[in-house]
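For reference, the structure is listed below as structure tokens.
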Amino acid sequence: MDLVFNLLPAAVPYWLRVGLAGVVCAVILITLMALGPIAYVYVETKIAGFMQDRIGPKRVGPHGLLQTVADALKLMFKEAIYPAGADKLLFILAPCLVVVGAFLSFVVLPFSSRLQAVDLNVGLFYVVAVSSISTVGLIMAGWASNNKYALFGAMRSAAQIVSYEIPAVMVLLTVVMMAGSLSLQDIVWAQAGGLSRWFLFRYFPLMPVAFVIFFTAGLAECNRAPFDIPEAESELVAGFHTEYSGFFFAMFFLAEYTEMFVVSVVASVLFLGGWMAPLPMLQQLGPVGLGPIWLLAKAWSLVFVMMWLRWTLPRLRVDQLMYVAWKVLLPIAMVLVVVVGGLVLWSPTASGFPWDRWAGWILAPLLVAYLAYMIVAARRWSARRTREMAA
Amino acid sequence: MSNPAYGWRVDDIDTDEMILNMGPQHPSTHGVLRIELRTDGEVVRAARPHIGYLHRCFEKHAESVDYPGVIPYTDRMDYVASMGNSLGYALAVEKLMGIEVSPYVQTIRVIMAELQRIASHCIAVGTYGMDIGAFTPFLHLLRDREKILDLFEWTCGARLLYNYNWVGGVSHDVPDGFVKAVRQFLREFDAITYPEMIDLLIKNKIFIKRTAGIGVCSPELAVSYDLTGPNLRGSGPPRDLRRDEPYLGYENYEFDVVVGEGKFGPRGSCFDRNWVRALEMKESAKILHQAVDRLEKMEHTDVHEKVPKRVKPAKGEVYARSEAPRGQLGYYIVADGTGINPYRVKVKSPCFTAMSIFHVLANGMYIADIIALIGSLDVVLGEIDR
């Protein structure tokens with residue numbers, strides 16, 4: 001925001017500069033958020049197609065690129081149906097609240113050292129706080145729909161999101177203790193200096209666990225499979241948005257994909273060095289630095305993992321979901337908070353174990369190489385299979 | 001449990017049960033089943049299935065058409081496994097008239113029946129995965145079912161409702177190159193479909209957690225409710241008509257009767273029923289391997305050789321049963337010896353009896369488990385309602 005503020009000439013009155021800077025930032029972010037899901041949905045359909053041995057969208061536009069645009073247009077022009085006995089005000093308000101809740105987090109996401117709407121000094125706290133707003137929206141949607149399935153979905157989602165926020169926030173505490181700040185920008189700066197400084201690899205066996213906990217909880221918070229019980233289509237038809245149609249339905253869709261993106265960005269900021277490049281020397285590339293590109297690359301790979309999981313895993317049951325949250329993730333997160341807190345205080349290990357400076361360098365390439373190998377091997381296996389079958 | 005300071009007691013909190021109508025329009029009631037659930041939060045206190053939404057008067061209708069004319073109607077009962085239905089009917093009428101079909105026709109019927117069994121179990125296991133939330137195995141299995149449908153289409157021109165097993169024969173001889181195509185399918189099945197299904201779905205930890213120990217049906221309960229087929233074998237009793245009362249020369253084929261093992265929790269759970277289906281596909285493939293080998297060496301006879309010009313059995317009645325993909329399918333046919341119509345056709349449907357145990361197993365489950373239970377019983381509403 002200060003970037004836009006400084007671009008405006010000084011002759012413009014102060015209040016107008018602030019106002020214009022705010023509006024410009026908001027417009028950019030809203031555009032980003034509205035267009036993002038179109039891309040994600042397309043990518044998701046293609047990934048699903050790849051995993052399910054089919055082609056995916058193909059007809060609308062080259063390689064089906066315009067399919068999601070067409071879908072979005074269709075949803076916008078469809079009639080919004082209000083079910084009989086619905087509380088109309090709440091019914092309309094609910095999707096708006098969900099979208100707003102998903103969108104508000106964008107304000108503090110640091111896309112690079114300057115590319116950030118506002119660098120709040122309680123940024124992380126803010127993200128956690130506003131992401132809970134959508135829960136209220138989901139419950140409102142479930143209640144206002146006057147539908148039992150929607151009510152079930154709303155109750156489930158409330159229980160789920162409230163439960164999973166606790167381990168997620170616990171794990172965030174470890175990061176906050178290590179960075180010594182709640183500002184997302186400060187957290188990124190604390191990870192400057194390449195892979196081995198990323199929080200993912202600090203206190204080597206500990207922080208990867210924290211990352212996995214945060215990612216799992218994040219999955220649950222965006223209602224993604226295997227934690228998609230609030231909208232479990234085989235049980236609750238569509239859960240809390242059963243009765244929604246047209247643009248209101250599209251808004252829930254928008255919110256879901258936006259939340260996925262937000263969770264991935266937050267995870268990359270907290271654990272994967274945010275907009276920092278994996279190698280310090282790469283940081284110097286480009287005129288303004290490639291910050292946003294690094295961040296998006298990290299976030300999108302996490303989004304890909306989310307989609308991957310969705311198309312692979314079955315769904316958990318309600319009680320199993322609660323079991324995972326309260327009896328598995330929470331105790332581990334608590335232990336992590338205590339242990340990492342102690343290690344941060346203890347001066348010999350204040351910035352990590354001695355082997356951390358190596359762990360990152362070794363493990364990250366290994367992981368990337370393993371993933372690449374798996375993809376190549378799968379491709380080659382399917383090619384060989386096709387050949388053999390043809391013979 | 002009272003707290004005078006707040007002026008309320010825990011007992012005062014209203015905990016009404018909620019009636020939830022699941023279906024007939026619901027994504028995972030496998031057709032048009034309506035279940036009336038009395039739910040206490042997520043827990044189901046009582047479940048009552050309401051059937052009949054797909055009732056088409058099959059049995060009454062059968063009385064007004066001639067014997068061969070009933071066969072297309074049988075196809076429409078269990079529309080996921082039409083071959084098995086018409087086979088059972090043809091066997092019953094042949095038994096009534098004393099027709100003995102040639103070994104060639106018998107082998108063709110075995111091949112079709114086993115292909116149909118694999119196709120039907122593909123749907124059963126695939127949709128079961130989808131009920132649990134895994135979408136990908138469903139599409140993988142449907143892709144491979146499509147290959148079987150292609151074989152059927154090639155043979156008789158239809159992909160879903162075949163009218164293939166006629167009284168005294170089959171409608172079309174298998175086309176040239178059919179054996180090779182079946183071998184090709186089996187190769188793909190053994191190499192891809194089966195291992196993929198086991199790896200992706202059956203061995204998935206979440207899948208096991210969701211299904212093992214849910215809807216446990218003891219062997220005694222299963223027998224007393226007359227469960228048949230994979231539902232019964234999942235509980236333990238190794239009852240399979242292909243083995244116990246062989247027809248179509250099944251006694252000449254090597255195959256195992258798969259029973260539930262209770263690997264992950266008590267025996268007879270949803271997991272075991274599904275597990276039996278998955279492994280039965282492998283056994284069917286085994287039978288197919290032997291059957292196509294035989295078919296190749298066998299002397300080809302006209303498949304219409306024994307088809308009677310006029311099916312008019314003498315006065316009498318017959319009960320014949322066969323092992324359809326979903327269990328024992330029995331036909332009770334009464335002929336009065338005067339007309340060309342059956343006097344009475346009664347079907348003993350495996351899905352109907354499977355549905356009758358539903359309310360017993362469903363008590364005290366979570367809503368999500370209700371879906372898992374319906375899926376594991378693998379009912380086809382077309383056969384229940386007829």
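Each chain in the structure tokens gets a letter, A, B and so on, in the order shown; residues start at 1 in every chain, and ligands are counted from 1 in the order they appear.
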*Write down, as a VMD selection string, each residue of chain B that has any atom within 8 Å of an atom of chain A, counting only C-alpha atoms.*
chain B and resid 20 26 to 28 42 129 to 137 139 to 140 184 187 to 188 200 204 206 to 207 210 367 to 368 371
*Near stretch 287-299 of chain B, within 8 Å and counting only C-alpha atoms, which residues show up once chain neighbours fewer than 2 positions away are dropped, as an NGL selection string?*
:B and (104 or 107-108 or 110-111 or 114-115 or 179 or 182-183 or 186 or 253-255 or 283-285 or 301)
*Please report, as a ChimeraX atom specification, each residue of stretch 80-316 of chain B to which DSSP assigns strand (DSSP E) when run on this structure's backbone.*
/B:165-166,169-170,316
_Surrounding residues of B:Val80 excluding itself and chain neighbours under 2 positions, 10 Å, only C-alpha atoms, as a PyMOL selection string_ = chain B and resi 75-78+82-85+116-117+119-121+123-124+160-161+325-326+380+382-383
*DSSP helix (DSSP H, G or I) selection over stretch 189-380 of chain B, as a PyMOL selection string*: chain B and resi 189-202+205-211+219-224+229-235+241-244+250-252+270-297+350-356+358-362+367-377
With C-alpha atoms retained, write the just-selected residues as an mmCIF file, in the first residue's frame.
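Output contents, as saved in part-v7.cif:
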data_model
loop_
_atom_site.group_PDB
_atom_site.id
_atom_site.type_symbol
_atom_site.label_atom_id
_atom_site.label_comp_id
_atom_site.auth_asym_id
_atom_site.auth_seq_id
_atom_site.Cartn_x
_atom_site.Cartn_y
_atom_site.Cartn_z
ATOM 1 C CA PHE B 189 -7.640 -56.930 -15.670
ATOM 2 C CA ASP B 190 -4.865 -58.927 -14.044
ATOM 3 C CA ALA B 191 -2.228 -56.307 -14.765
ATOM 4 C CA ILE B 192 -4.057 -53.067 -14.069
ATOM 5 C CA THR B 193 -7.613 -53.172 -12.781
ATOM 6 C CA TYR B 194 -7.193 -55.610 -9.968
ATOM 7 C CA PRO B 195 -3.885 -54.393 -8.488
ATOM 8 C CA GLU B 196 -4.957 -50.777 -8.885
ATOM 9 C CA MET B 197 -8.198 -51.421 -7.049
ATOM 10 C CA ILE B 198 -6.444 -53.234 -4.218
ATOM 11 C CA ASP B 199 -3.708 -50.605 -3.851
ATOM 12 C CA LEU B 200 -5.817 -47.527 -4.278
ATOM 13 C CA LEU B 201 -8.918 -48.491 -2.380
ATOM 14 C CA ILE B 202 -8.951 -51.735 -0.451
ATOM 15 C CA LYS B 205 -5.861 -46.914 5.643
ATOM 16 C CA ILE B 206 -8.730 -44.443 5.766
ATOM 17 C CA PHE B 207 -10.906 -46.846 3.803
ATOM 18 C CA ILE B 208 -10.158 -49.630 6.263
ATOM 19 C CA LYS B 209 -10.810 -47.338 9.227
ATOM 20 C CA ARG B 210 -14.105 -46.295 7.742
ATOM 21 C CA THR B 211 -15.404 -49.773 6.909
ATOM 22 C CA PRO B 219 -22.856 -65.654 10.590
ATOM 23 C CA GLU B 220 -25.976 -66.663 12.545
ATOM 24 C CA LEU B 221 -27.640 -63.338 11.878
ATOM 25 C CA ALA B 222 -26.686 -63.500 8.211
ATOM 26 C CA VAL B 223 -28.167 -66.977 7.825
ATOM 27 C CA SER B 224 -31.313 -66.171 9.763
ATOM 28 C CA GLY B 229 -23.903 -64.084 -2.149
ATOM 29 C CA PRO B 230 -21.048 -61.805 -1.107
ATOM 30 C CA ASN B 231 -23.093 -60.452 1.799
ATOM 31 C CA LEU B 232 -23.315 -63.922 3.331
ATOM 32 C CA ARG B 233 -19.780 -64.948 2.458
ATOM 33 C CA GLY B 234 -18.495 -61.751 4.015
ATOM 34 C CA SER B 235 -19.785 -63.054 7.335
ATOM 35 C CA LEU B 241 -24.218 -72.173 -5.565
ATOM 36 C CA ARG B 242 -21.602 -72.484 -8.270
ATOM 37 C CA ARG B 243 -19.788 -74.801 -5.895
ATOM 38 C CA ASP B 244 -22.615 -76.302 -3.844
ATOM 39 C CA TYR B 250 -19.377 -75.078 -12.919
ATOM 40 C CA GLU B 251 -18.106 -78.209 -11.197
ATOM 41 C CA ASN B 252 -15.469 -78.493 -13.928
ATOM 42 C CA CYS B 270 -18.697 -53.741 5.692
ATOM 43 C CA PHE B 271 -15.056 -54.168 4.851
ATOM 44 C CA ASP B 272 -15.395 -57.942 4.598
ATOM 45 C CA ARG B 273 -18.407 -57.804 2.312
ATOM 46 C CA ASN B 274 -16.567 -55.464 0.029
ATOM 47 C CA TRP B 275 -13.388 -57.485 0.289
ATOM 48 C CA VAL B 276 -15.254 -60.606 -0.827
ATOM 49 C CA ARG B 277 -16.496 -58.745 -3.901
ATOM 50 C CA ALA B 278 -13.044 -57.503 -4.761
ATOM 51 C CA LEU B 279 -11.501 -60.949 -4.486
ATOM 52 C CA GLU B 280 -14.360 -62.616 -6.314
ATOM 53 C CA MET B 281 -13.441 -60.570 -9.340
ATOM 54 C CA LYS B 282 -10.127 -62.365 -9.323
ATOM 55 C CA GLU B 283 -11.864 -65.743 -9.025
ATOM 56 C CA SER B 284 -14.164 -64.868 -11.910
ATOM 57 C CA ALA B 285 -11.125 -64.007 -13.976
ATOM 58 C CA LYS B 286 -9.746 -67.438 -13.101
ATOM 59 C CA ILE B 287 -12.911 -69.120 -14.344
ATOM 60 C CA LEU B 288 -12.844 -67.011 -17.489
ATOM 61 C CA HIS B 289 -9.289 -68.078 -18.261
ATOM 62 C CA GLN B 290 -10.355 -71.726 -18.156
ATOM 63 C CA ALA B 291 -13.609 -71.125 -19.989
ATOM 64 C CA VAL B 292 -12.090 -69.342 -22.969
ATOM 65 C CA ASP B 293 -9.449 -72.070 -23.257
ATOM 66 C CA ARG B 294 -12.216 -74.629 -23.428
ATOM 67 C CA LEU B 295 -14.323 -72.610 -25.811
ATOM 68 C CA GLU B 296 -11.457 -72.476 -28.272
ATOM 69 C CA LYS B 297 -10.987 -76.231 -28.357
ATOM 70 C CA PRO B 350 -30.925 -61.436 -3.189
ATOM 71 C CA CYS B 351 -31.112 -57.660 -2.767
ATOM 72 C CA PHE B 352 -34.521 -57.832 -1.144
ATOM 73 C CA THR B 353 -33.289 -60.092 1.618
ATOM 74 C CA ALA B 354 -30.144 -58.010 1.981
ATOM 75 C CA MET B 355 -32.301 -54.941 2.465
ATOM 76 C CA SER B 356 -34.299 -56.713 5.179
ATOM 77 C CA PHE B 358 -30.561 -53.133 6.995
ATOM 78 C CA HIS B 359 -32.559 -51.814 9.946
ATOM 79 C CA VAL B 360 -30.920 -54.337 12.274
ATOM 80 C CA LEU B 361 -27.385 -53.349 11.358
ATOM 81 C CA ALA B 362 -28.112 -49.624 11.112
ATOM 82 C CA ILE B 367 -24.965 -41.071 9.482
ATOM 83 C CA ALA B 368 -21.801 -41.526 7.473
ATOM 84 C CA ASP B 369 -21.830 -45.236 8.324
ATOM 85 C CA ILE B 370 -25.364 -45.608 7.018
ATOM 86 C CA ILE B 371 -23.977 -44.772 3.600
ATOM 87 C CA ALA B 372 -21.155 -47.239 4.101
ATOM 88 C CA LEU B 373 -23.673 -49.914 5.102
ATOM 89 C CA ILE B 374 -25.969 -49.448 2.103
ATOM 90 C CA GLY B 375 -22.968 -49.532 -0.172
ATOM 91 C CA SER B 376 -21.592 -52.698 1.390
ATOM 92 C CA LEU B 377 -24.913 -54.520 1.043
#
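Here atom CA of A:Leu195 and atom CA of A:Ala359 stand 9.0 Å from one another.
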*Between atom CA of A:Leu29 and atom CA of A:Leu184, measure the distance and give it in Å to one decimal.*
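Between these atoms lies a distance of 17.3 Å.
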*Write out as a PyMOL selection string the residues lying within 10 Å of stretch 61-66 of chain A, counting only C-alpha atoms and excluding same-chain residues fewer than 2 positions away.*
chain A and resi 38-39+42-43+46+55-59+68-72
Write the selection just made, keeping N, CA and C atoms, as a short mmCIF file (atom, residue, chain, number, x, y, z; two decimals), in the first residue's frame?
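What landed in result_39.cif:
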data_model
loop_
_atom_site.label_atom_id
_atom_site.label_comp_id
_atom_site.auth_asym_id
_atom_site.auth_seq_id
_atom_site.Cartn_x
_atom_site.Cartn_y
_atom_site.Cartn_z
N ILE A 38 -10.75 -19.39 -10.99
CA ILE A 38 -10.98 -19.87 -12.36
C ILE A 38 -9.80 -20.73 -12.80
N ALA A 39 -8.60 -20.24 -12.48
CA ALA A 39 -7.42 -21.03 -12.83
C ALA A 39 -7.35 -22.30 -12.01
N TYR A 42 -9.75 -24.98 -13.19
CA TYR A 42 -9.27 -25.61 -14.42
C TYR A 42 -8.16 -26.60 -14.12
N VAL A 43 -7.19 -26.14 -13.30
CA VAL A 43 -6.06 -27.01 -12.99
C VAL A 43 -6.56 -28.25 -12.24
N LYS A 46 -8.07 -30.69 -14.55
CA LYS A 46 -7.05 -31.36 -15.36
C LYS A 46 -6.28 -32.38 -14.52
N ILE A 55 -9.33 -37.35 -19.87
CA ILE A 55 -8.70 -36.19 -20.46
C ILE A 55 -9.01 -34.92 -19.70
N GLY A 56 -10.20 -34.79 -19.20
CA GLY A 56 -10.60 -33.55 -18.56
C GLY A 56 -11.14 -32.60 -19.60
N PRO A 57 -11.40 -31.34 -19.19
CA PRO A 57 -12.02 -30.40 -20.14
C PRO A 57 -11.19 -30.25 -21.40
N LYS A 58 -11.86 -30.19 -22.53
CA LYS A 58 -11.15 -30.22 -23.79
C LYS A 58 -11.81 -29.33 -24.83
N ARG A 59 -13.13 -29.13 -24.70
CA ARG A 59 -13.89 -28.55 -25.80
C ARG A 59 -13.87 -27.03 -25.83
N THR A 68 -13.73 -23.22 -17.43
CA THR A 68 -14.14 -22.68 -16.13
C THR A 68 -14.72 -21.28 -16.29
N VAL A 69 -14.25 -20.55 -17.30
CA VAL A 69 -14.85 -19.24 -17.56
C VAL A 69 -16.31 -19.43 -17.93
N ALA A 70 -16.54 -20.42 -18.79
CA ALA A 70 -17.92 -20.71 -19.19
C ALA A 70 -18.75 -21.13 -17.99
N ASP A 71 -18.15 -21.97 -17.13
CA ASP A 71 -18.87 -22.41 -15.93
C ASP A 71 -19.24 -21.22 -15.06
N ALA A 72 -18.25 -20.33 -14.88
CA ALA A 72 -18.50 -19.16 -14.02
C ALA A 72 -19.62 -18.31 -14.60
#
*Near B:His50, within 8 Å and counting only C-alpha atoms, which residues show up once chain neighbours fewer than 4 positions away are dropped, as a list in words?*
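Selected residues are Leu33, Arg34, Ile35 and Glu36 of chain B.
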*Write out as a VMD selection string each polymer residue whose atoms come within 8 Å of stretch 75-82 of chain A, counting only C-alpha atoms; drop sequence neighbours fewer than 5 positions from it.*
chain A and resid 88 91 243 to 250
*Any idea what's packed within 9 Å of B:Arg45, counting only C-alpha atoms, ignoring anything in its chain fewer than 3 positions away? Could you give it as an MDAnalysis selection string?*
chainID B and resid 17 37:40 362:365
Those same residues, written as an mmCIF file, in the first residue's frame with C-alpha atoms?
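After the write, result-v4.cif holds the following:
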data_model
loop_
_atom_site.group_PDB
_atom_site.id
_atom_site.type_symbol
_atom_site.label_atom_id
_atom_site.label_comp_id
_atom_site.auth_asym_id
_atom_site.auth_seq_id
_atom_site.Cartn_x
_atom_site.Cartn_y
_atom_site.Cartn_z
ATOM 1 C CA GLU B 17 -34.627 -36.668 17.758
ATOM 2 C CA LEU B 37 -33.627 -42.013 9.841
ATOM 3 C CA ARG B 38 -34.311 -40.981 13.398
ATOM 4 C CA THR B 39 -31.166 -39.144 14.265
ATOM 5 C CA ASP B 40 -29.847 -37.924 17.574
ATOM 6 C CA ALA B 362 -28.112 -49.624 11.112
ATOM 7 C CA ASN B 363 -29.031 -49.093 14.752
ATOM 8 C CA GLY B 364 -26.687 -46.781 16.609
ATOM 9 C CA MET B 365 -24.544 -45.940 13.637
#
_Between atom CA of B:Tyr79 and atom CA of B:Ile148 - distance in Å to one decimal_ =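 Computing the Euclidean distance for atom CA of B:Ile148 and atom CA of B:Tyr79 yields 14.8 Å.
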*Rank nothing, just name the residue among B:Ile51, B:Pro175, B:Glu261, B:Leu149 nearest to B:Pro238, using only C-alpha atoms.*
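So, comparing all the options, the nearest one is B:Glu261.
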